[in-house]
Structures are given as C-alpha cells and as structure tokens.
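A.B. asks: entry14.csv (CSV, C-alpha atoms) pasted underneath:
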chain,number,residue,atom,x,y,z
A,1,MET,CA,21.9,113.9,96.7
A,2,SER,CA,23.1,110.7,98.2
A,3,LYS,CA,23.7,110.5,101.9
A,4,LEU,CA,26.6,108.6,103.3
A,5,LEU,CA,26.8,107.1,106.8
A,6,ILE,CA,30.3,106.5,108.0
A,7,ARG,CA,30.4,104.1,111.0
A,8,PHE,CA,33.4,104.3,113.3
A,9,SER,CA,33.6,101.0,115.0
A,10,GLN,CA,37.2,100.6,116.1
A,11,SER,CA,39.3,102.3,118.8
A,12,PRO,CA,41.8,104.9,117.6
A,13,PHE,CA,44.8,102.9,119.1
A,14,GLY,CA,45.4,99.5,117.5
A,15,ASN,CA,45.1,100.4,113.8
A,16,ALA,CA,44.7,103.2,111.3
A,17,LEU,CA,41.0,102.6,110.7
A,18,ALA,CA,39.8,105.6,112.7
A,19,GLN,CA,42.3,107.8,111.0
A,20,ASP,CA,41.5,106.6,107.5
A,21,GLY,CA,37.7,106.7,108.2
A,22,LEU,CA,38.0,110.4,109.2
A,23,ASP,CA,39.9,111.2,106.0
A,24,PHE,CA,37.2,109.4,104.1
A,25,ALA,CA,34.4,111.3,105.8
A,26,LEU,CA,36.0,114.7,105.4
A,27,ALA,CA,36.7,114.1,101.7
A,28,ALA,CA,33.1,113.1,101.0
A,29,THR,CA,31.6,116.5,101.8
A,30,ASN,CA,34.1,118.1,99.6
A,31,TYR,CA,32.6,116.3,96.6
A,32,GLY,CA,29.0,117.2,97.3
A,33,HIS,CA,27.9,114.2,99.4
A,34,GLU,CA,25.9,114.6,102.6
A,35,VAL,CA,27.5,112.8,105.5
A,36,ALA,CA,26.4,111.5,108.9
A,37,VAL,CA,28.8,109.7,111.3
A,38,LEU,CA,28.0,107.1,113.9
A,39,PHE,CA,30.4,106.0,116.7
A,40,GLU,CA,29.6,102.5,117.9
A,41,GLY,CA,31.3,99.5,119.5
A,42,ASP,CA,34.9,100.3,120.3
A,43,GLY,CA,34.5,103.4,118.1
A,44,VAL,CA,33.3,105.3,121.1
A,45,PHE,CA,36.9,105.2,122.5
A,46,GLN,CA,37.6,107.8,119.8
A,47,LEU,CA,35.4,110.3,121.7
A,48,MET,CA,37.4,110.1,125.0
A,49,ASP,CA,39.0,113.3,126.3
A,50,SER,CA,42.6,113.6,124.9
A,51,LYS,CA,44.0,114.8,128.2
A,52,ASN,CA,43.4,111.4,129.7
A,53,HIS,CA,45.4,109.5,127.0
A,54,PRO,CA,48.1,110.4,124.5
A,55,SER,CA,45.7,110.4,121.5
A,56,THR,CA,45.2,113.7,119.6
A,57,PHE,CA,42.4,112.0,117.7
A,58,ALA,CA,39.6,113.7,119.6
A,59,LYS,CA,41.1,117.0,118.4
A,60,ARG,CA,41.1,115.9,114.8
A,61,LEU,CA,37.4,114.8,115.1
A,62,SER,CA,36.4,118.3,116.2
A,63,VAL,CA,37.0,119.7,112.7
A,64,MET,CA,34.0,117.7,111.3
A,65,PRO,CA,31.5,120.6,111.6
A,66,MET,CA,33.9,122.8,109.6
A,67,PHE,CA,33.6,120.2,106.8
A,68,ASP,CA,29.8,120.4,106.9
A,69,ILE,CA,29.4,117.1,108.8
A,70,GLU,CA,26.6,118.1,111.1
A,71,GLU,CA,25.0,114.8,111.9
A,72,CYS,CA,27.1,113.1,114.5
A,73,TYR,CA,25.6,110.1,116.4
A,74,VAL,CA,26.9,107.8,119.1
A,75,CYS,CA,25.5,104.5,120.2
A,76,MET,CA,24.1,104.7,123.7
A,77,LYS,CA,24.5,101.0,124.4
A,78,SER,CA,28.2,101.1,123.4
A,79,LEU,CA,28.9,104.0,125.8
A,80,GLU,CA,27.2,102.1,128.6
A,81,ASN,CA,28.9,98.8,127.9
A,82,LEU,CA,32.3,100.2,127.6
A,83,ASN,CA,31.8,102.8,130.4
A,84,VAL,CA,33.0,105.6,128.2
A,85,SER,CA,32.1,109.3,128.7
A,86,PRO,CA,32.7,111.4,125.7
A,87,SER,CA,34.8,114.5,126.0
A,88,GLU,CA,32.8,117.6,127.0
A,89,LYS,CA,34.4,119.6,124.2
A,90,LEU,CA,33.5,117.0,121.6
A,91,LEU,CA,29.9,116.7,122.9
A,92,GLN,CA,29.5,120.4,122.3
A,93,SER,CA,31.4,120.9,119.1
A,94,LEU,CA,29.9,117.9,117.3
A,95,GLU,CA,26.5,118.2,119.0
A,96,LEU,CA,26.6,114.5,119.5
A,97,GLN,CA,23.2,112.8,119.7
A,98,GLN,CA,22.8,109.5,121.5
A,99,LEU,CA,20.9,106.8,119.7
A,100,ASP,CA,19.2,103.7,121.0
A,101,THR,CA,18.8,100.6,118.9
A,102,LEU,CA,15.6,101.8,117.2
A,103,GLY,CA,17.2,105.1,116.6
A,104,LYS,CA,20.1,103.4,114.8
A,105,LEU,CA,17.8,101.4,112.7
A,106,ASP,CA,16.0,104.6,111.6
A,107,LEU,CA,19.4,106.1,110.8
A,108,PHE,CA,20.4,103.1,108.7
A,109,GLU,CA,17.2,103.3,106.7
A,110,SER,CA,17.5,107.1,106.1
A,111,VAL,CA,20.9,106.9,104.3
A,112,THR,CA,21.8,105.8,100.8
A,113,HIS,CA,25.2,104.3,101.5
A,114,THR,CA,27.1,103.0,104.5
A,115,VAL,CA,30.8,102.5,104.9
A,116,THR,CA,32.3,101.0,108.1
A,117,PHE,CA,35.7,101.8,109.5
B,1,MET,CA,13.5,98.0,73.3
B,2,ARG,CA,11.6,101.2,72.8
B,3,GLY,CA,9.3,102.1,75.5
B,4,VAL,CA,10.6,99.5,77.9
B,5,PHE,CA,12.5,100.9,80.8
B,6,VAL,CA,15.3,98.6,81.9
B,7,PHE,CA,16.7,99.5,85.2
B,8,MET,CA,20.4,98.7,85.5
B,9,ALA,CA,21.9,99.2,89.0
B,10,LYS,CA,25.4,100.7,89.3
B,11,TYR,CA,27.6,99.4,92.1
B,12,SER,CA,30.7,101.0,93.7
B,13,ILE,CA,32.9,98.6,95.5
B,14,VAL,CA,35.1,99.8,98.4
B,15,ILE,CA,37.9,97.4,99.5
B,16,THR,CA,39.4,98.1,102.9
B,17,SER,CA,40.7,94.5,103.6
B,18,THR,CA,44.0,93.1,102.6
B,19,PRO,CA,44.3,90.4,99.9
B,20,ASP,CA,45.5,88.0,102.6
B,21,SER,CA,42.6,88.6,105.0
B,22,GLY,CA,40.4,85.6,104.9
B,23,ASP,CA,38.2,85.0,101.9
B,24,ALA,CA,37.4,88.7,101.1
B,25,LEU,CA,39.2,88.6,97.8
B,26,ALA,CA,37.4,85.4,96.7
B,27,ARG,CA,34.0,86.9,97.7
B,28,VAL,CA,34.5,90.2,96.0
B,29,LEU,CA,35.5,88.4,92.7
B,30,ARG,CA,32.4,86.3,92.9
B,31,PHE,CA,30.3,89.4,93.7
B,32,ILE,CA,31.6,91.2,90.6
B,33,ASP,CA,30.7,88.3,88.4
B,34,GLY,CA,27.3,88.1,90.1
B,35,VAL,CA,26.6,91.8,89.4
B,36,TYR,CA,27.2,91.4,85.7
B,37,ASP,CA,25.3,88.1,85.5
B,38,ASN,CA,22.4,90.0,86.9
B,39,GLY,CA,22.6,92.6,84.1
B,40,ASP,CA,23.9,95.3,86.4
B,41,GLU,CA,27.3,97.0,86.4
B,42,VAL,CA,30.2,98.0,88.6
B,43,SER,CA,31.1,101.7,88.3
B,44,ASN,CA,34.5,101.3,90.0
B,45,VAL,CA,36.4,99.4,92.6
B,46,PHE,CA,38.1,101.7,95.1
B,47,PHE,CA,41.1,100.5,97.2
B,48,PHE,CA,41.4,102.3,100.5
B,49,HIS,CA,42.9,101.8,103.9
B,50,GLN,CA,44.6,98.3,104.0
B,51,GLY,CA,42.9,97.5,100.7
B,52,VAL,CA,45.8,99.3,98.9
B,53,HIS,CA,47.8,96.1,99.4
B,54,HIS,CA,45.8,94.6,96.5
B,55,ALA,CA,47.6,97.0,94.2
B,56,ASN,CA,51.2,96.2,95.3
B,57,ARG,CA,52.6,94.3,92.3
B,58,PHE,CA,55.4,92.9,94.5
B,59,PHE,CA,52.9,91.1,96.7
B,60,VAL,CA,53.8,87.4,96.7
B,61,PRO,CA,50.8,85.1,97.3
B,62,MET,CA,51.5,81.7,98.9
B,63,GLY,CA,50.6,78.5,97.0
B,64,ASN,CA,47.1,78.0,98.3
B,65,SER,CA,45.8,81.6,98.1
B,66,ILE,CA,44.4,83.6,95.2
B,67,ASN,CA,46.8,85.8,93.2
B,68,ALA,CA,45.4,89.3,93.7
B,69,LEU,CA,47.2,90.9,90.7
B,70,ALA,CA,46.2,88.2,88.3
B,71,SER,CA,42.6,88.3,89.5
B,72,TRP,CA,42.3,92.0,89.2
B,73,THR,CA,44.0,91.9,85.8
B,74,SER,CA,41.3,89.5,84.6
B,75,VAL,CA,38.5,91.6,86.1
B,76,LYS,CA,39.8,94.6,84.2
B,77,THR,CA,40.1,92.6,80.9
B,78,LYS,CA,36.7,91.1,81.3
B,79,TYR,CA,34.6,94.1,82.5
B,80,ALA,CA,36.9,97.2,82.0
B,81,ILE,CA,36.1,98.5,85.5
B,82,PRO,CA,38.3,101.4,86.7
B,83,LEU,CA,40.4,100.0,89.6
B,84,ILE,CA,41.1,103.1,91.7
B,85,VAL,CA,43.9,103.1,94.3
B,86,CYS,CA,44.0,105.9,96.9
B,87,THR,CA,47.7,106.9,96.5
B,88,THR,CA,47.7,108.7,99.8
B,89,ALA,CA,46.7,105.6,101.7
B,90,ALA,CA,49.1,103.5,99.6
B,91,ASN,CA,52.2,105.8,100.1
B,92,LYS,CA,51.8,105.8,103.8
B,93,ARG,CA,52.0,102.0,103.8
B,94,GLY,CA,55.1,102.0,101.7
B,95,ILE,CA,53.3,101.2,98.5
B,96,LEU,CA,54.6,103.9,96.2
B,97,ASP,CA,52.9,105.5,93.2
B,98,ASP,CA,54.9,106.8,90.3
B,99,GLU,CA,55.2,110.4,91.6
B,100,GLU,CA,56.3,109.4,95.1
B,101,ALA,CA,58.8,106.8,93.7
B,102,LYS,CA,60.3,109.5,91.5
B,103,SER,CA,60.6,112.0,94.3
B,104,LEU,CA,62.4,109.4,96.4
B,105,GLY,CA,64.7,108.6,93.5
B,106,GLU,CA,63.4,105.1,93.1
B,107,THR,CA,63.3,103.7,89.6
B,108,GLN,CA,60.2,101.6,90.0
B,109,SER,CA,56.8,102.2,91.7
B,110,HIS,CA,54.7,99.5,93.3
B,111,ILE,CA,51.5,100.4,91.5
B,112,ALA,CA,51.1,99.4,87.9
B,113,PRO,CA,48.3,98.7,85.5
B,114,PRO,CA,45.5,97.4,85.8
B,115,PHE,CA,45.4,99.8,88.8
B,116,ASN,CA,44.7,103.6,88.4
B,117,GLN,CA,46.7,105.8,90.7
B,118,SER,CA,44.1,108.3,92.0
B,119,GLY,CA,42.3,109.1,95.2
B,120,LEU,CA,39.2,109.8,97.2
B,121,GLY,CA,38.2,112.6,94.9
B,122,GLU,CA,37.7,110.3,91.9
B,123,PHE,CA,35.8,107.8,94.0
B,124,PHE,CA,33.4,110.4,95.4
B,125,THR,CA,32.9,111.9,92.0
B,126,LEU,CA,31.9,108.6,90.5
B,127,LEU,CA,29.8,107.8,93.6
B,128,HIS,CA,27.2,110.4,92.4
B,129,ASP,CA,26.1,108.0,89.7
B,130,CYS,CA,26.1,104.9,91.8
B,131,ASP,CA,23.1,103.2,93.4
B,132,HIS,CA,24.9,101.0,95.8
B,133,VAL,CA,28.1,100.9,97.8
B,134,VAL,CA,29.4,97.5,98.9
B,135,GLN,CA,32.4,97.2,101.2
B,136,PHE,CA,34.7,94.2,101.5
Could you show the structure in this file as structure tokens?
C.D. replies:
Amino acid sequence: MSKLLIRFSQSPFGNALAQDGLDFALAATNYGHEVAVLFEGDGVFQLMDSKNHPSTFAKRLSVMPMFDIEECYVCMKSLENLNVSPSEKLLQSLELQQLDTLGKLDLFESVTHTVTF
Amino acid sequence: MRGVFVFMAKYSIVITSTPDSGDALARVLRFIDGVYDNGDEVSNVFFFHQGVHHANRFFVPMGNSINALASWTSVKTKYAIPLIVCTTAANKRGILDDEEAKSLGETQSHIAPPFNQSGLGEFFTLLHDCDHVVQF
C-alpha cells in the first residue's frame, strides 16, 4: 500500500490551498491510501486556536482522525520561527508530533508520494 | 523479450498551478515528453486546486505565452493520457462542468475534451498503480 505525505505549507487565510489540501487528504484515505500530514512553514498557522481569529479551519482539521489520518506532524522549527502555539484541542485530537529537521528527513524517506499544499 | 524483465515506471502528474503561473506549463510538457523518451509512461494528469484553470476552454493566452488548451490537446493525441479535472475544484472557481452548467441553465460548459470531468476518486484509484507522483 502506498503512503502519501501531504505537506501543508501555507496559512489558511490568503488562498484556498489549505482548504483544497485538506479535501485532498481526506479523499485519499477513502480510496485505500495511507496518509500522513505535515504542517510546516506558514502551514503552522492552520493549527492556531480558532477563538483567536475568525478561521474555522482548525475545526475542520480536527476531523482527520475520523478519516483514518493518524500520523500528524508539525515542524518544530516553524513553530519557533513564527511563534505559533497550536490549539490545545488540536494537539490532543490529532496527537500532533513535533519533528526536528532530521525527523522530517526520516519522514520524507518513509513515504511513497509527497504532495504539497 | 522472453525472460528479460523490463521495468517501466508509471507516473501520476498533479497540477496545482495555473497555466499563467511562471513556466510550470512549459516544464510539465517537457517532463511528459521526457518520461516517454525514457521508456516510462504517464498514468494520468490530474488538475486540482488552481490547476483546474488549465481546463477552461475560454482561457485566452497572451501572445508570448503557451496555449494551454492546444498543448494539452496535443499531449492527449500523442500519448492518450487521461487528463482528469476535479470538477468540484473547478466549479468553485466558476469553471463549470456539464452537469453544473445544465443545472444553472447554461447552454455551454467550460470543460471540454481533451479533458475528462471527474474527481479525486478517479485520481486516487489510478494512484494505486503508480510508482511516482510529480507535482507542478
């Protein structure tokens, strides 16, 4: 079975990439693909608590475990650089794991395909 | 060639950039030729996100840019690759498939051959047989 890595690299505000990327990820498991997701760069803004800004995007992300997306990673460096703390709810529901650069390299090597949004 | 195992790699190409964004269209066209020159094949090209603009037959390219519709038509003629457009992503950008155009009472849709009106389901089904995904 092929394993797909979906990289979320853009904030959920300026464009529809985050939205379309999530649709893409949720559809993949429906058709028998294993999926891991990685939030990096501006993509970590997608993890911010929705009560602090008008986005309901964090709420949409929380459905991922119900679609069998159980591997959720976030780039440690990106969180530090952008001074973002992920929403507590998301941290728990997604069981987000923080990865350093080496961890990310291991992840890239462990998957069959990568698509970036 | 009995007894000789020839490995042919299968590629799936995902296009998320618009036909007017930089040289992505030029690169993907060269890439497809390269795949076949190498003896490999392209399973499908999937147009998603902003990539659906490639399939809008009313797109008017300016004089010095590549004509997306003409390019994809020649790719289809040459290699018979399925060119799959995600209709959900297209409809929400005002690029109507036949069904949506009909329900809105429009006489013409924006997506015509060589493009197939389909969706994520077909792409992910074909992906099971692909060795590589390349995104433009």
A.B. asks: Residues of chain A within 7 Å of chain B, counting all atoms listed in the file, what are they? List them as a VMD selection string.
C.D. replies: chain A and resid 20 27 to 28 31 113 115
A.B. asks: Quick one: residues within 12 Å of (29.5, 110.7, 107.2) (file frame), counting only C-alpha atoms, please, as an NGL selection string.
C.D. replies: :A and (2-8 or 21-30 or 32-39 or 61 or 64-65 or 67-73 or 107-108 or 111-117)
A.B. asks: Can I get the selection written as a PDB file, in the frame of the given file, with C-alpha atoms?
C.D. replies:
ATOM      1  CA  SER A   2      23.100 110.700  98.200  1.00  0.00           C
ATOM      2  CA  LYS A   3      23.700 110.500 101.900  1.00  0.00           C
ATOM      3  CA  LEU A   4      26.600 108.600 103.300  1.00  0.00           C
ATOM      4  CA  LEU A   5      26.800 107.100 106.800  1.00  0.00           C
ATOM      5  CA  ILE A   6      30.300 106.500 108.000  1.00  0.00           C
ATOM      6  CA  ARG A   7      30.400 104.100 111.000  1.00  0.00           C
ATOM      7  CA  PHE A   8      33.400 104.300 113.300  1.00  0.00           C
ATOM      8  CA  GLY A  21      37.700 106.700 108.200  1.00  0.00           C
ATOM      9  CA  LEU A  22      38.000 110.400 109.200  1.00  0.00           C
ATOM     10  CA  ASP A  23      39.900 111.200 106.000  1.00  0.00           C
ATOM     11  CA  PHE A  24      37.200 109.400 104.100  1.00  0.00           C
ATOM     12  CA  ALA A  25      34.400 111.300 105.800  1.00  0.00           C
ATOM     13  CA  LEU A  26      36.000 114.700 105.400  1.00  0.00           C
ATOM     14  CA  ALA A  27      36.700 114.100 101.700  1.00  0.00           C
ATOM     15  CA  ALA A  28      33.100 113.100 101.000  1.00  0.00           C
ATOM     16  CA  THR A  29      31.600 116.500 101.800  1.00  0.00           C
ATOM     17  CA  ASN A  30      34.100 118.100  99.600  1.00  0.00           C
ATOM     18  CA  GLY A  32      29.000 117.200  97.300  1.00  0.00           C
ATOM     19  CA  HIS A  33      27.900 114.200  99.400  1.00  0.00           C
ATOM     20  CA  GLU A  34      25.900 114.600 102.600  1.00  0.00           C
ATOM     21  CA  VAL A  35      27.500 112.800 105.500  1.00  0.00           C
ATOM     22  CA  ALA A  36      26.400 111.500 108.900  1.00  0.00           C
ATOM     23  CA  VAL A  37      28.800 109.700 111.300  1.00  0.00           C
ATOM     24  CA  LEU A  38      28.000 107.100 113.900  1.00  0.00           C
ATOM     25  CA  PHE A  39      30.400 106.000 116.700  1.00  0.00           C
ATOM     26  CA  LEU A  61      37.400 114.800 115.100  1.00  0.00           C
ATOM     27  CA  MET A  64      34.000 117.700 111.300  1.00  0.00           C
ATOM     28  CA  PRO A  65      31.500 120.600 111.600  1.00  0.00           C
ATOM     29  CA  PHE A  67      33.600 120.200 106.800  1.00  0.00           C
ATOM     30  CA  ASP A  68      29.800 120.400 106.900  1.00  0.00           C
ATOM     31  CA  ILE A  69      29.400 117.100 108.800  1.00  0.00           C
ATOM     32  CA  GLU A  70      26.600 118.100 111.100  1.00  0.00           C
ATOM     33  CA  GLU A  71      25.000 114.800 111.900  1.00  0.00           C
ATOM     34  CA  CYS A  72      27.100 113.100 114.500  1.00  0.00           C
ATOM     35  CA  TYR A  73      25.600 110.100 116.400  1.00  0.00           C
ATOM     36  CA  LEU A 107      19.400 106.100 110.800  1.00  0.00           C
ATOM     37  CA  PHE A 108      20.400 103.100 108.700  1.00  0.00           C
ATOM     38  CA  VAL A 111      20.900 106.900 104.300  1.00  0.00           C
ATOM     39  CA  THR A 112      21.800 105.800 100.800  1.00  0.00           C
ATOM     40  CA  HIS A 113      25.200 104.300 101.500  1.00  0.00           C
ATOM     41  CA  THR A 114      27.100 103.000 104.500  1.00  0.00           C
ATOM     42  CA  VAL A 115      30.800 102.500 104.900  1.00  0.00           C
ATOM     43  CA  THR A 116      32.300 101.000 108.100  1.00  0.00           C
ATOM     44  CA  PHE A 117      35.700 101.800 109.500  1.00  0.00           C
TER      45      PHE A 117
END
A.B. asks: Env of stretch 19-22 of chain B: 12 Å cut, atoms = all atoms listed in the file, seq-sep filter 5 positions within chain, self excluded. Answer as number ranges by chain.
C.D. replies: B: 27-29, 47, 50-57, 59-62, 64-72, 136
A.B. asks: Keeping C-alpha atoms, export the residues of the selection given above as a PDB file, keeping the file's coordinate frame.
C.D. replies:
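Once written, again_33.pdb looks like this:
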ATOM      1  CA  ARG B  27      34.000  86.900  97.700  1.00  0.00           C
ATOM      2  CA  VAL B  28      34.500  90.200  96.000  1.00  0.00           C
ATOM      3  CA  LEU B  29      35.500  88.400  92.700  1.00  0.00           C
ATOM      4  CA  PHE B  47      41.100 100.500  97.200  1.00  0.00           C
ATOM      5  CA  GLN B  50      44.600  98.300 104.000  1.00  0.00           C
ATOM      6  CA  GLY B  51      42.900  97.500 100.700  1.00  0.00           C
ATOM      7  CA  VAL B  52      45.800  99.300  98.900  1.00  0.00           C
ATOM      8  CA  HIS B  53      47.800  96.100  99.400  1.00  0.00           C
ATOM      9  CA  HIS B  54      45.800  94.600  96.500  1.00  0.00           C
ATOM     10  CA  ALA B  55      47.600  97.000  94.200  1.00  0.00           C
ATOM     11  CA  ASN B  56      51.200  96.200  95.300  1.00  0.00           C
ATOM     12  CA  ARG B  57      52.600  94.300  92.300  1.00  0.00           C
ATOM     13  CA  PHE B  59      52.900  91.100  96.700  1.00  0.00           C
ATOM     14  CA  VAL B  60      53.800  87.400  96.700  1.00  0.00           C
ATOM     15  CA  PRO B  61      50.800  85.100  97.300  1.00  0.00           C
ATOM     16  CA  MET B  62      51.500  81.700  98.900  1.00  0.00           C
ATOM     17  CA  ASN B  64      47.100  78.000  98.300  1.00  0.00           C
ATOM     18  CA  SER B  65      45.800  81.600  98.100  1.00  0.00           C
ATOM     19  CA  ILE B  66      44.400  83.600  95.200  1.00  0.00           C
ATOM     20  CA  ASN B  67      46.800  85.800  93.200  1.00  0.00           C
ATOM     21  CA  ALA B  68      45.400  89.300  93.700  1.00  0.00           C
ATOM     22  CA  LEU B  69      47.200  90.900  90.700  1.00  0.00           C
ATOM     23  CA  ALA B  70      46.200  88.200  88.300  1.00  0.00           C
ATOM     24  CA  SER B  71      42.600  88.300  89.500  1.00  0.00           C
ATOM     25  CA  TRP B  72      42.300  92.000  89.200  1.00  0.00           C
ATOM     26  CA  PHE B 136      34.700  94.200 101.500  1.00  0.00           C
TER      27      PHE B 136
END
A.B. asks: Tell me, in Å to one decimal, how far atom CA of A:Lys89 is from atom CA of A:Lys104.
C.D. replies: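 Separating atom CA of A:Lys89 from atom CA of A:Lys104 is a distance of 23.6 Å.
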A.B. asks: As a PyMOL selection string, please: the residues near B:Gly105 (cut-off 12 Å, only C-alpha atoms, same-chain neighbours under 6 positions excluded).
C.D. replies: chain B and resi 96+98-99
A.B. asks: Can you list, as an MDAnalysis selection string, every protein, DNA or RNA residue that comes within 7 Å of A:Met48 when you count only C-alpha atoms, leaving out same-chain residues fewer than 3 positions away?
C.D. replies: chainID A and resid 45 58 85:87
A.B. asks: Counting all atoms listed in the file, what is within 12 Å of A:Gly14, bar same-chain residues fewer than 6 positions away, as a ChimeraX atom specification?
C.D. replies: /A:42-43,45-46,55
A.B. asks: Which residue out of B:Asn38, B:Ser74, B:Ser12, B:Thr18 has the minimum interatomic distance to B:Phe115 when only C-alpha atoms are used?
C.D. replies: B:Ser74
A.B. asks: Here is a test: counting all atoms listed in the file, which residue of B:Val45, B:Ala26, B:Ile32, B:Met8 is nearest to B:Cys86?
C.D. replies: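 Ranked by minimum distance to B:Cys86, first place goes to B:Val45.
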A.B. asks: Between atom CA of B:Ala80 and atom CA of B:Gln108, measure the distance and give it in Å to one decimal.
C.D. replies: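 So the answer is 25.0 Å.
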A.B. asks: Would you list the residues near (56.7, 101.1, 93.4) (no more than 9 Å away, in the coordinates of the file, using only C-alpha atoms) as a compact mmCIF listing (two decimals) with C-alpha atoms, keeping the file's coordinate frame?
C.D. replies:
# COMPACT_ATOMS: atom_id res chain seq x y z
CA ASN B 56 51.20 96.20 95.30
CA ARG B 57 52.60 94.30 92.30
CA PHE B 58 55.40 92.90 94.50
CA GLY B 94 55.10 102.00 101.70
CA ILE B 95 53.30 101.20 98.50
CA LEU B 96 54.60 103.90 96.20
CA ASP B 97 52.90 105.50 93.20
CA ASP B 98 54.90 106.80 90.30
CA GLU B 100 56.30 109.40 95.10
CA ALA B 101 58.80 106.80 93.70
CA GLU B 106 63.40 105.10 93.10
CA THR B 107 63.30 103.70 89.60
CA GLN B 108 60.20 101.60 90.00
CA SER B 109 56.80 102.20 91.70
CA HIS B 110 54.70 99.50 93.30
CA ILE B 111 51.50 100.40 91.50
CA ALA B 112 51.10 99.40 87.90
A.B. asks: Taking all atoms listed in the file into account, which of B:Phe31, B:Pro113, B:Val85, B:Leu25 comes nearest B:Tyr11?
C.D. replies: B:Phe31
A.B. asks: Find the distance between atom CA of A:Ser110 and atom CA of A:Leu82 and write it in Å to one decimal.
C.D. replies: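 Calculated distance between atom CA of A:Ser110 and atom CA of A:Leu82 is 27.0 Å.
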A.B. asks: When you count all atoms listed in the file, which of these residues is closest to B:Lys10: B:Ser118, B:Gly39, B:Asp23, B:Arg30?
C.D. replies: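 Comparing B:Ser118, B:Gly39, B:Asp23, B:Arg30 against B:Lys10, the winner is B:Gly39.
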